[in-house]
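Visitor: I have a structure I would like to understand better, so I am pasting it below and will then ask my questions one at a time.
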Amino acid sequence: MAAEDVYRQEFPVKGGDFAKAGAVACRIKDLLKDLGLDTKTIRRAAIASYEAEMNVIMYAWEGRVNLAVSPREVSITVDDQGPGIADIELAMTEGYSTATPEMRELGFGAGMGLPNIKKNADIFHIDSESGRGTRLEIVIRTNGHKT
Amino acid sequence: MIVLKDVLALLNGELLTPGSPLEVECPKVFASDLMSDVLTSAEPGSLLLTGLANAHVVCTCSVADIAAVVFVQGKRPDSGVVDQARSKNLPLIATKMPMFEACSRIAAHVKDGAHGR
């Protein structure tokens with residue numbers, strides 16, 4: 001893949017900024033539409049990036065979402081500075097959540113975010129260090145088929 | 001499958017986004033106050049019934065390709081949320097009916113029930 005075939009953009013996300021929650025995911029969705037990707041790929045990428053963006057807003061101090069789009073795949077990498085995840089296996093369990101009542105009142109924090117990102121990704125990696133932050137690597141292939 | 005104009009009539013609803021097309025067909029219906037569930041389980045093109053009326057509903061619906069939203073139990077989003085929905089071409093309907101009654105009426109209309117979830 002030649003470097004010029006890849007579209008890249010970085011989006012900052014501020015922890016606790018619930019008023020702007022979803023802004024990055026909506027922007028990514030619009031960009032992928034403009035780039036002419038198929039609707040299934042766009043939806044999977046938008047959902048995964050929304051869940052990841054919400055996690056930064058709900059749990060971290062700040063973060064960055066890096067989008068890279070090639071004809072073959074959409075790559076979304078999310079790095080945050082925050083408390084990190086002490087037990088990743090537990091955090092990946094559907095229904096496990098450390099959300100506050102405020103987050104739940106907004107309709108989030110059901111413990112489905114990370115599992116749902118994994119569900120929508122063809123490749124998913126999570127790495128976290130307690131007290132420092134978390135990195136998510138999400139790849140969605142544009143052929144619309146999970147491998 | 002249910003058409004938005006039928007939803008409006010069945011629920012004695014008020015269209016909060018005047019001018020939205022009412023001939024839109026929703027192949028599925030999804031009811032939840034939890035946006036996490038919408039992101040996880042609602043199918044594209046679904047009609048969403050919810051008691052949550054904040055900006056996150058519009059954003060979630062946009063991301064998840066939801067066709068339209070019904071706010072039940074007299075819940076009404078503020079004007080900023082309505083403007084946001086209009087900019088995303090998302091029809092919003094408000095009804096005073098409680099969630100159960102609204103779902104029951106839609107389910108009865110759909111009849112075989114197999115088209116909703």
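Numbering starts fresh at 1 for the residues of each chain in the structure tokens, the chains themselves are lettered A, B, ... in the order given, and ligands are numbered from 1 as they appear.
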Determine which residues of chain B sit within 12 Å of chain A, taking into account only C-alpha atoms, and present them as a ChimeraX atom specification.
Guide: /B:32-45,50-66,80-81,84,88
Visitor: Just want the 10 Å neighbourhood of Val70 of chain B, counted on only C-alpha atoms, with same-chain residues fewer than 2 positions away dropped. Output as JSON, numbers by chain.
Guide: {"B": [4, 7, 8, 11, 13, 14, 15, 16, 31, 47, 48, 49, 50, 51, 52, 53, 68, 72, 73, 75, 76, 91, 92, 93, 94, 95, 99, 102]}
Visitor: Between atom CA of Ile140 of chain A and atom CA of Arg64 of chain A, what is the distance in Å, rounded to a tenth?
Guide: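 Rounded to one decimal, the two atoms are 18.4 Å apart.
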Visitor: Using DSSP on the backbone coordinates, identify the residues of chain B assigned to strand (DSSP E or B); present them as a list of chain:residue names.
Guide: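 Restricting chain B to strand (DSSP E or B) produces B:Ile2, B:Val3, B:Glu14, B:Leu15, B:Glu25, B:Cys26, B:Val29, B:Phe30, B:Ala31, B:Leu47, B:Leu48, B:Leu49, B:Thr50, B:Ala68, B:Val69, B:Val70, B:Phe71, B:Leu92, B:Ile93, B:Ala94.
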Visitor: Residues as selected, C-alpha atoms, written as a compact mmCIF listing (two decimals), in the first residue's frame, can you do that?
Guide:
```txt
# COMPACT_ATOMS: atom_id res chain seq x y z
CA ILE B 2 -43.82 0.00 10.01
CA VAL B 3 -44.14 3.38 8.29
CA GLU B 14 -46.22 14.96 17.56
CA LEU B 15 -43.57 15.34 14.89
CA GLU B 25 -40.28 2.43 6.29
CA CYS B 26 -38.62 0.98 9.38
CA VAL B 29 -38.35 -1.55 16.01
CA PHE B 30 -36.04 -1.26 19.01
CA ALA B 31 -36.97 0.02 22.47
CA LEU B 47 -37.22 2.83 14.69
CA LEU B 48 -36.05 3.60 18.24
CA LEU B 49 -38.45 4.13 21.15
CA THR B 50 -36.79 5.65 24.20
CA ALA B 68 -36.26 7.69 13.47
CA VAL B 69 -36.84 8.21 17.20
CA VAL B 70 -39.98 8.19 19.34
CA PHE B 71 -39.67 9.82 22.76
CA LEU B 92 -38.15 12.86 15.99
CA ILE B 93 -41.60 12.04 17.34
CA ALA B 94 -42.90 12.72 20.85
```
